[in-house]
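A.B. asks: If it helps, the file is called run13.pdb and holds PDB, C-alpha atoms and all ligand atoms:
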```pdb
MODEL        1
ATOM      1  CA  MET A   1     101.352 103.849  95.272  1.00  0.00           C
ATOM      2  CA  LEU A   2     103.120 101.643  97.835  1.00  0.00           C
ATOM      3  CA  ASN A   3     105.442  98.930  96.572  1.00  0.00           C
ATOM      4  CA  GLY A   4     105.603  95.448  98.077  1.00  0.00           C
ATOM      5  CA  SER A   5     107.424  92.309  96.935  1.00  0.00           C
ATOM      6  CA  GLY A   6     105.596  91.242  93.778  1.00  0.00           C
ATOM      7  CA  PHE A   7     102.576  93.442  94.441  1.00  0.00           C
ATOM      8  CA  CYS A   8     101.677  97.052  95.048  1.00  0.00           C
ATOM      9  CA  LEU A   9      98.996  98.971  96.913  1.00  0.00           C
ATOM     10  CA  ARG A  10      97.282 101.558  94.720  1.00  0.00           C
ATOM     11  CA  GLU A  11      94.096 103.616  94.490  1.00  0.00           C
ATOM     12  CA  TRP A  12      90.821 102.096  93.282  1.00  0.00           C
ATOM     13  CA  LYS A  13      89.728 102.458  89.632  1.00  0.00           C
ATOM     14  CA  LEU A  14      86.298 101.937  88.040  1.00  0.00           C
ATOM     15  CA  SER A  15      87.977  99.410  85.728  1.00  0.00           C
ATOM     16  CA  ASP A  16      88.643  97.145  88.763  1.00  0.00           C
ATOM     17  CA  GLU A  17      85.031  95.938  88.557  1.00  0.00           C
ATOM     18  CA  ALA A  18      85.559  92.548  86.860  1.00  0.00           C
ATOM     19  CA  SER A  19      88.539  91.543  89.027  1.00  0.00           C
ATOM     20  CA  LEU A  20      86.755  92.730  92.152  1.00  0.00           C
ATOM     21  CA  ILE A  21      83.750  90.504  91.463  1.00  0.00           C
ATOM     22  CA  LYS A  22      85.988  87.586  90.440  1.00  0.00           C
ATOM     23  CA  HIS A  23      87.971  87.571  93.683  1.00  0.00           C
ATOM     24  CA  ALA A  24      85.443  88.971  96.156  1.00  0.00           C
ATOM     25  CA  SER A  25      82.523  86.717  95.278  1.00  0.00           C
ATOM     26  CA  ASN A  26      83.823  83.753  97.247  1.00  0.00           C
ATOM     27  CA  PRO A  27      82.291  82.522 100.516  1.00  0.00           C
ATOM     28  CA  ASN A  28      85.772  81.612 101.806  1.00  0.00           C
ATOM     29  CA  VAL A  29      86.768  85.268 101.458  1.00  0.00           C
ATOM     30  CA  SER A  30      83.646  86.843 103.010  1.00  0.00           C
ATOM     31  CA  ARG A  31      83.226  84.250 105.773  1.00  0.00           C
ATOM     32  CA  PHE A  32      85.054  86.292 108.417  1.00  0.00           C
ATOM     33  CA  LEU A  33      84.350  89.785 107.074  1.00  0.00           C
ATOM     34  CA  ALA A  34      81.662  92.319 107.996  1.00  0.00           C
ATOM     35  CA  ASP A  35      78.277  91.858 106.330  1.00  0.00           C
ATOM     36  CA  ARG A  36      78.919  94.911 104.150  1.00  0.00           C
ATOM     37  CA  PHE A  37      81.202  92.526 102.188  1.00  0.00           C
ATOM     38  CA  PRO A  38      78.462  90.193 100.903  1.00  0.00           C
ATOM     39  CA  TYR A  39      78.320  86.818  99.214  1.00  0.00           C
ATOM     40  CA  PRO A  40      77.471  86.611  96.387  1.00  0.00           C
ATOM     41  CA  TYR A  41      79.320  89.820  95.566  1.00  0.00           C
ATOM     42  CA  THR A  42      77.218  91.212  92.739  1.00  0.00           C
ATOM     43  CA  THR A  43      77.846  93.718  89.963  1.00  0.00           C
ATOM     44  CA  ASP A  44      75.754  96.231  91.936  1.00  0.00           C
ATOM     45  CA  ASP A  45      77.901  95.653  95.040  1.00  0.00           C
ATOM     46  CA  ALA A  46      81.050  96.235  92.993  1.00  0.00           C
ATOM     47  CA  LYS A  47      79.682  99.355  91.277  1.00  0.00           C
ATOM     48  CA  GLY A  48      78.543 100.832  94.609  1.00  0.00           C
ATOM     49  CA  TRP A  49      81.907 100.192  96.249  1.00  0.00           C
ATOM     50  CA  LEU A  50      83.914 101.518  93.273  1.00  0.00           C
ATOM     51  CA  ASP A  51      81.755 104.669  92.986  1.00  0.00           C
ATOM     52  CA  TYR A  52      82.322 105.322  96.680  1.00  0.00           C
ATOM     53  CA  GLN A  53      86.070 104.696  96.584  1.00  0.00           C
ATOM     54  CA  THR A  54      86.754 106.628  93.386  1.00  0.00           C
ATOM     55  CA  GLN A  55      84.828 109.723  94.556  1.00  0.00           C
ATOM     56  CA  LYS A  56      86.569 109.980  97.927  1.00  0.00           C
ATOM     57  CA  THR A  57      89.131 112.701  98.484  1.00  0.00           C
ATOM     58  CA  VAL A  58      90.670 110.991 101.524  1.00  0.00           C
ATOM     59  CA  ILE A  59      92.530 107.875 100.416  1.00  0.00           C
ATOM     60  CA  ASP A  60      92.145 105.359 103.230  1.00  0.00           C
ATOM     61  CA  ASN A  61      91.506 102.200 101.210  1.00  0.00           C
ATOM     62  CA  LEU A  62      93.779 100.660  98.580  1.00  0.00           C
ATOM     63  CA  VAL A  63      93.753  97.871  96.030  1.00  0.00           C
ATOM     64  CA  ILE A  64      96.251  95.025  96.320  1.00  0.00           C
ATOM     65  CA  ASP A  65      97.496  94.785  92.742  1.00  0.00           C
ATOM     66  CA  ILE A  66      99.606  92.115  91.034  1.00  0.00           C
ATOM     67  CA  ASP A  67     100.723  92.841  87.467  1.00  0.00           C
ATOM     68  CA  GLY A  68      98.025  95.497  87.007  1.00  0.00           C
ATOM     69  CA  GLU A  69      95.169  93.332  88.274  1.00  0.00           C
ATOM     70  CA  LEU A  70      93.229  93.717  91.513  1.00  0.00           C
ATOM     71  CA  VAL A  71      93.683  90.690  93.769  1.00  0.00           C
ATOM     72  CA  GLY A  72      92.436  92.122  97.062  1.00  0.00           C
ATOM     73  CA  GLY A  73      91.862  95.188  99.187  1.00  0.00           C
ATOM     74  CA  ILE A  74      93.102  96.799 102.384  1.00  0.00           C
ATOM     75  CA  GLY A  75      91.901  99.861 104.222  1.00  0.00           C
ATOM     76  CA  ILE A  76      91.517 101.761 107.430  1.00  0.00           C
ATOM     77  CA  ASP A  77      88.435 103.303 108.911  1.00  0.00           C
ATOM     78  CA  CYS A  78      89.179 106.251 111.185  1.00  0.00           C
ATOM     79  CA  ARG A  79      86.882 106.231 114.192  1.00  0.00           C
ATOM     80  CA  GLN A  80      84.934 109.261 115.408  1.00  0.00           C
ATOM     81  CA  ASP A  81      84.497 111.445 118.478  1.00  0.00           C
ATOM     82  CA  ILE A  82      86.614 110.371 121.481  1.00  0.00           C
ATOM     83  CA  PHE A  83      87.878 107.379 119.451  1.00  0.00           C
ATOM     84  CA  ARG A  84      89.136 109.580 116.611  1.00  0.00           C
ATOM     85  CA  LYS A  85      92.836 108.881 117.185  1.00  0.00           C
ATOM     86  CA  THR A  86      92.141 105.198 116.454  1.00  0.00           C
ATOM     87  CA  ALA A  87      91.583 103.556 113.093  1.00  0.00           C
ATOM     88  CA  LEU A  88      90.280 100.073 112.384  1.00  0.00           C
ATOM     89  CA  ILE A  89      92.136  98.123 109.719  1.00  0.00           C
ATOM     90  CA  GLY A  90      90.535  95.553 107.404  1.00  0.00           C
ATOM     91  CA  TYR A  91      91.820  93.459 104.504  1.00  0.00           C
ATOM     92  CA  TRP A  92      91.050  90.593 102.164  1.00  0.00           C
ATOM     93  CA  LEU A  93      92.838  88.711  99.394  1.00  0.00           C
ATOM     94  CA  GLY A  94      91.594  86.523  96.531  1.00  0.00           C
ATOM     95  CA  GLU A  95      91.914  82.854  97.508  1.00  0.00           C
ATOM     96  CA  PRO A  96      94.455  81.869  94.774  1.00  0.00           C
ATOM     97  CA  PHE A  97      96.936  84.283  96.375  1.00  0.00           C
ATOM     98  CA  TRP A  98      96.731  83.078  99.979  1.00  0.00           C
ATOM     99  CA  GLY A  99      99.799  81.767 101.768  1.00  0.00           C
ATOM    100  CA  ARG A 100     102.466  83.772  99.929  1.00  0.00           C
ATOM    101  CA  GLY A 101     103.095  86.332 102.657  1.00  0.00           C
ATOM    102  CA  ILE A 102     101.317  89.071 100.714  1.00  0.00           C
ATOM    103  CA  MET A 103      98.971  90.237 103.453  1.00  0.00           C
ATOM    104  CA  ALA A 104     101.515  90.452 106.244  1.00  0.00           C
ATOM    105  CA  GLU A 105     103.562  92.777 104.043  1.00  0.00           C
ATOM    106  CA  ALA A 106     100.492  94.706 102.871  1.00  0.00           C
ATOM    107  CA  VAL A 107      99.446  95.320 106.491  1.00  0.00           C
ATOM    108  CA  LYS A 108     102.922  96.650 107.312  1.00  0.00           C
ATOM    109  CA  LEU A 109     102.796  99.022 104.331  1.00  0.00           C
ATOM    110  CA  MET A 110      99.288 100.205 105.201  1.00  0.00           C
ATOM    111  CA  VAL A 111     100.197 100.830 108.847  1.00  0.00           C
ATOM    112  CA  GLU A 112     103.212 102.923 107.825  1.00  0.00           C
ATOM    113  CA  TYR A 113     101.053 104.893 105.374  1.00  0.00           C
ATOM    114  CA  ALA A 114      98.249 105.391 107.907  1.00  0.00           C
ATOM    115  CA  PHE A 115     100.483 106.688 110.703  1.00  0.00           C
ATOM    116  CA  GLU A 116     102.189 109.053 108.283  1.00  0.00           C
ATOM    117  CA  LYS A 117      99.038 110.326 106.571  1.00  0.00           C
ATOM    118  CA  PHE A 118      96.499 110.478 109.423  1.00  0.00           C
ATOM    119  CA  ASP A 119      96.625 111.848 112.950  1.00  0.00           C
ATOM    120  CA  LEU A 120      96.417 108.457 114.660  1.00  0.00           C
ATOM    121  CA  VAL A 121      97.991 106.886 117.716  1.00  0.00           C
ATOM    122  CA  ARG A 122      96.447 103.429 117.435  1.00  0.00           C
ATOM    123  CA  ILE A 123      95.461 100.993 114.698  1.00  0.00           C
ATOM    124  CA  GLN A 124      93.177  98.180 115.715  1.00  0.00           C
ATOM    125  CA  ALA A 125      92.089  94.950 114.057  1.00  0.00           C
ATOM    126  CA  GLY A 126      89.228  92.733 115.132  1.00  0.00           C
ATOM    127  CA  VAL A 127      89.489  89.081 114.078  1.00  0.00           C
ATOM    128  CA  PHE A 128      86.800  86.418 114.289  1.00  0.00           C
ATOM    129  CA  ASP A 129      87.607  83.535 116.590  1.00  0.00           C
ATOM    130  CA  GLY A 130      88.305  80.767 114.059  1.00  0.00           C
ATOM    131  CA  ASN A 131      90.371  82.876 111.645  1.00  0.00           C
ATOM    132  CA  PRO A 132      93.936  81.936 112.672  1.00  0.00           C
ATOM    133  CA  ALA A 133      95.423  82.968 109.296  1.00  0.00           C
ATOM    134  CA  SER A 134      94.386  86.571 109.924  1.00  0.00           C
ATOM    135  CA  MET A 135      95.696  86.465 113.498  1.00  0.00           C
ATOM    136  CA  ARG A 136      99.020  85.201 112.148  1.00  0.00           C
ATOM    137  CA  VAL A 137      99.095  88.013 109.572  1.00  0.00           C
ATOM    138  CA  LEU A 138      98.763  90.554 112.370  1.00  0.00           C
ATOM    139  CA  GLU A 139     101.424  88.866 114.503  1.00  0.00           C
ATOM    140  CA  LYS A 140     103.794  88.877 111.527  1.00  0.00           C
ATOM    141  CA  ALA A 141     103.042  92.584 111.041  1.00  0.00           C
ATOM    142  CA  ALA A 142     104.036  93.180 114.705  1.00  0.00           C
ATOM    143  CA  PHE A 143     100.541  93.796 116.097  1.00  0.00           C
ATOM    144  CA  ILE A 144      99.977  92.797 119.742  1.00  0.00           C
ATOM    145  CA  LYS A 145      96.947  90.817 120.831  1.00  0.00           C
ATOM    146  CA  GLU A 146      95.294  93.054 123.403  1.00  0.00           C
ATOM    147  CA  CYS A 147      92.242  91.080 124.442  1.00  0.00           C
ATOM    148  CA  ILE A 148      89.482  88.743 123.422  1.00  0.00           C
ATOM    149  CA  SER A 149      86.079  90.416 123.459  1.00  0.00           C
ATOM    150  CA  LYS A 150      83.632  87.700 124.334  1.00  0.00           C
ATOM    151  CA  ASN A 151      80.486  87.300 122.189  1.00  0.00           C
ATOM    152  CA  ALA A 152      81.323  90.524 120.323  1.00  0.00           C
ATOM    153  CA  LEU A 153      80.484  89.394 116.779  1.00  0.00           C
ATOM    154  CA  PHE A 154      77.384  87.928 115.129  1.00  0.00           C
ATOM    155  CA  LYS A 155      77.574  86.464 111.632  1.00  0.00           C
ATOM    156  CA  HIS A 156      75.625  83.766 109.789  1.00  0.00           C
ATOM    157  CA  ASN A 157      73.420  83.263 112.825  1.00  0.00           C
ATOM    158  CA  LYS A 158      76.380  82.489 115.051  1.00  0.00           C
ATOM    159  CA  ILE A 159      78.039  84.409 117.874  1.00  0.00           C
ATOM    160  CA  TYR A 160      81.830  84.693 117.882  1.00  0.00           C
ATOM    161  CA  ASP A 161      84.493  86.082 120.186  1.00  0.00           C
ATOM    162  CA  GLU A 162      86.532  88.918 118.662  1.00  0.00           C
ATOM    163  CA  HIS A 163      90.336  88.817 118.998  1.00  0.00           C
ATOM    164  CA  VAL A 164      91.495  92.423 119.248  1.00  0.00           C
ATOM    165  CA  PHE A 165      94.972  93.201 117.897  1.00  0.00           C
ATOM    166  CA  VAL A 166      96.610  96.622 118.110  1.00  0.00           C
ATOM    167  CA  MET A 167      99.536  98.583 116.761  1.00  0.00           C
ATOM    168  CA  ILE A 168     100.454 101.576 118.891  1.00  0.00           C
ATOM    169  CA  LYS A 169     102.173 104.462 117.102  1.00  0.00           C
ATOM    170  CA  PRO A 170     105.905 104.097 117.735  1.00  0.00           C
TER     171      PRO A 170
HETATM  172  C1  LIG A 201      93.536  86.052 106.173  1.00  0.00           C
HETATM  173  C2  LIG A 201      94.200  86.434 104.855  1.00  0.00           C
HETATM  174  C3  LIG A 201      94.144  87.927 104.702  1.00  0.00           C
HETATM  175  C4  LIG A 201      95.659  85.963 104.895  1.00  0.00           C
HETATM  176  O1  LIG A 201      96.374  86.474 103.766  1.00  0.00           O
HETATM  177  P1  LIG A 201      97.740  85.790 103.259  1.00  0.00           P
HETATM  178  O2  LIG A 201      98.380  86.679 102.253  1.00  0.00           O
HETATM  179  O3  LIG A 201      97.463  84.381 102.897  1.00  0.00           O
HETATM  180  O4  LIG A 201      98.572  85.845 104.618  1.00  0.00           O
HETATM  181  P2  LIG A 201     100.138  85.561 104.795  1.00  0.00           P
HETATM  182  O5  LIG A 201     100.568  84.597 103.734  1.00  0.00           O
HETATM  183  O6  LIG A 201     100.845  86.852 104.933  1.00  0.00           O
HETATM  184  O7  LIG A 201     100.159  84.856 106.227  1.00  0.00           O
HETATM  185  C5  LIG A 201      99.262  83.835 106.567  1.00  0.00           C
HETATM  186  C6  LIG A 201      99.817  83.096 107.777  1.00  0.00           C
HETATM  187  O8  LIG A 201      98.747  82.350 108.363  1.00  0.00           O
HETATM  188  C7  LIG A 201      99.154  81.009 108.468  1.00  0.00           C
HETATM  189  N1  LIG A 201      97.946  80.211 108.378  1.00  0.00           N
HETATM  190  C8  LIG A 201      97.164  80.015 107.304  1.00  0.00           C
HETATM  191  N2  LIG A 201      96.130  79.211 107.629  1.00  0.00           N
HETATM  192  C9  LIG A 201      96.284  78.917 108.945  1.00  0.00           C
HETATM  193  C10 LIG A 201      95.558  78.126 109.862  1.00  0.00           C
HETATM  194  N3  LIG A 201      94.432  77.489 109.500  1.00  0.00           N
HETATM  195  N4  LIG A 201      95.993  78.042 111.142  1.00  0.00           N
HETATM  196  C11 LIG A 201      97.109  78.694 111.541  1.00  0.00           C
HETATM  197  N5  LIG A 201      97.846  79.471 110.698  1.00  0.00           N
HETATM  198  C12 LIG A 201      97.437  79.569 109.423  1.00  0.00           C
HETATM  199  C13 LIG A 201     100.109  80.797 107.338  1.00  0.00           C
HETATM  200  O9  LIG A 201     100.920  79.663 107.545  1.00  0.00           O
HETATM  201  C14 LIG A 201     100.903  82.113 107.404  1.00  0.00           C
HETATM  202  O10 LIG A 201     101.809  82.121 108.471  1.00  0.00           O
HETATM  203  P3  LIG A 201     103.401  81.807 108.244  1.00  0.00           P
HETATM  204  O11 LIG A 201     103.892  82.813 107.240  1.00  0.00           O
HETATM  205  O12 LIG A 201     103.984  81.976 109.603  1.00  0.00           O
HETATM  206  O13 LIG A 201     103.487  80.411 107.715  1.00  0.00           O
HETATM  207  C15 LIG A 201      93.503  85.757 103.646  1.00  0.00           C
HETATM  208  O14 LIG A 201      93.417  84.385 103.913  1.00  0.00           O
HETATM  209  C16 LIG A 201      92.115  86.307 103.397  1.00  0.00           C
HETATM  210  O15 LIG A 201      91.947  87.264 102.671  1.00  0.00           O
HETATM  211  N6  LIG A 201      91.082  85.693 104.026  1.00  0.00           N
HETATM  212  C17 LIG A 201      89.705  86.123 103.839  1.00  0.00           C
HETATM  213  C18 LIG A 201      89.429  87.531 104.381  1.00  0.00           C
HETATM  214  C19 LIG A 201      89.795  87.684 105.839  1.00  0.00           C
HETATM  215  O16 LIG A 201      89.611  86.783 106.646  1.00  0.00           O
HETATM  216  N7  LIG A 201      90.309  88.865 106.182  1.00  0.00           N
HETATM  217  C20 LIG A 201      90.728  89.190 107.524  1.00  0.00           C
HETATM  218  C21 LIG A 201      89.609  89.718 108.319  1.00  0.00           C
HETATM  219  S1  LIG A 201      90.153  90.129 109.972  1.00  0.00           S
ENDMDL
END
```
What does this structure look like when you write it as structure tokens?
Ligand SMILES: CC(C)(COP(=O)(O)OP(=O)(O)OC[C@H]1O[C@@H](n2cnc3c(N)ncnc32)[C@H](O)[C@@H]1OP(=O)(O)O)[C@@H](O)C(=O)NCCC(=O)NCCS

C.D. replies:
Amino acid sequence: MLNGSGFCLREWKLSDEASLIKHASNPNVSRFLADRFPYPYTTDDAKGWLDYQTQKTVIDNLVIDIDGELVGGIGIDCRQDIFRKTALIGYWLGEPFWGRGIMAEAVKLMVEYAFEKFDLVRIQAGVFDGNPASMRVLEKAAFIKECISKNALFKHNKIYDEHVFVMIKP
């Protein structure tokens, strides 16, 4: 468990199902996320995700928890082959909790955990053009904008540039 100000990051539990659906099934949350985070976010989606997370032995994805309730999620995805020293970071928060500084702090905690726990030299985040709140989160967590990958993303029948932010292992 990693402690933040007024929240913690902890492992996933099967009993997170109701809160997961409540906060994840929101088009404002999934709008700039990968398609594997769908809208609507159904009971089957939640069960599949929770089965996967609770059976894993490598803990690379954590719940953002306030007062014992799930309010969001944050995780890394270690890349493979020649990219294996890099992980991609992803995160989301239930809409009622936006704008309180939670995610900037959660990203900092996750980065510290990831560099300590995994053999990584680089953590990378890809942000949809049009998601300035997420870009600001990464800036506040001391990520550097490395480049803009033109036409890199396709979602809801639209092509977007991807803003690539990185944290290099100190
Ligand atoms: C993006 C998201 C994670 C931000 O979480 P959060 O806890 O509200 O973030 P924080 O409060 O730490 O910081 C948000 C910053 O963005 C700023 N911001 C918010 N909306 C903004 C906008 N439209 N334009 C510019 N800045 C904006 C806030 O003012 C704040 O910066 P400040 O502290 O300097 O004032 C949250 O909105 C979310 O989960 N969105 C849906 C999922 C998502 O997009 N995930 C990221 C995928 S890359």

A.B. asks: Can you pull out every residue with an atom within 8 Å of ligand LIG 201 (chain A)? Use only C-alpha atoms and all ligand atoms and format it as an MDAnalysis selection string.

C.D. replies: chainID A and resid 28:33 72 90:95 97:105 125:128 131:137 140

A.B. asks: In Å to one decimal, how far is CA of Phe83 in chain A from CA of Phe115 in chain A?

C.D. replies: 15.4 Å

A.B. asks: Between CA of Gly73 in chain A and CA of His23 in chain A, what is the spacing in Å?

C.D. replies: 10.2 Å

A.B. asks: Taking all atoms listed in the file into account, name the residue in A:Thr57, A:Asn151, A:Thr42, A:Asn157 that is nearest to Lys22 in chain A.

C.D. replies: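 Answer, going by the shortest atom-to-atom distance: A:Thr42.
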
A.B. asks: If you measure from CA of Gly75 in chain A to CA of Ile89 in chain A, what distance in Å do you get, rounded to one decimal?

C.D. replies: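 So the two atoms, CA of Gly75 in chain A and CA of Ile89 in chain A, lie 5.8 Å apart.
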
A.B. asks: Set up a box along x, y and z of the file covering all listed atoms of range 106-115 of chain A, add 5 Å on every one of the six sides, and write the centre and edge lengths in Å to one decimal, as lines of an AutoDock Vina configuration file.

C.D. replies:
```
center_x = 100.7
center_y = 100.7
center_z = 106.8
size_x = 15.0
size_y = 22.0
size_z = 17.8
```

A.B. asks: Excluding Leu138 in chain A and its own-chain neighbours fewer than 6 positions away, which residues fall within 8 Å of it when counting all atoms listed in the file? Please give them as a list of chain:residue names.

C.D. replies: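 Once the nearby chain positions are removed, what remains is A:Ala104, A:Val107, A:Ile144, A:Phe165.
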
A.B. asks: Using only C-alpha atoms, which residue out of A:Val121, A:Cys147, A:Ala24, A:Leu2 lies closest to Pro40 in chain A?

C.D. replies: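 With only C-alpha atoms as the atom set, the closest residue is A:Ala24.
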
A.B. asks: Using the chain letters and residue numbers of this document, give as a PyMOL selection string the residues selected by the PyMOL selection byres (((chain A and resi 168) around 10) and not hetatm).

C.D. replies: chain A and resi 86+115+120-124+143-144+166-167+169-170

A.B. asks: How would you write, as a list in words, the residues chosen by the PyMOL selection byres (((chain A and resi 39) around 7) and not hetatm) on this structure?

C.D. replies: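 So the PyMOL selection byres (((chain A and resi 39) around 7) and not hetatm), applied here, picks out Ser25, Asn26, Pro27, Ser30, Pro38, Pro40 and Tyr41 of chain A.
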
A.B. asks: Could you list the residues chosen by the PyMOL selection byres (((chain A and resi 60) around 12) and not hetatm) in this structure as number ranges by chain?

C.D. replies: A: 9-12, 52-54, 56-59, 61-63, 73-78, 87-91, 110-111, 113-118

A.B. asks: Go through A:Asp129, A:Asp44, A:Glu139, A:Ser5 and flag the residue nearest Ala152 in chain A, using all atoms listed in the file for the distances.

C.D. replies: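 Of A:Asp129, A:Asp44, A:Glu139, A:Ser5, the one nearest Ala152 in chain A is A:Asp129, counting all atoms listed in the file.
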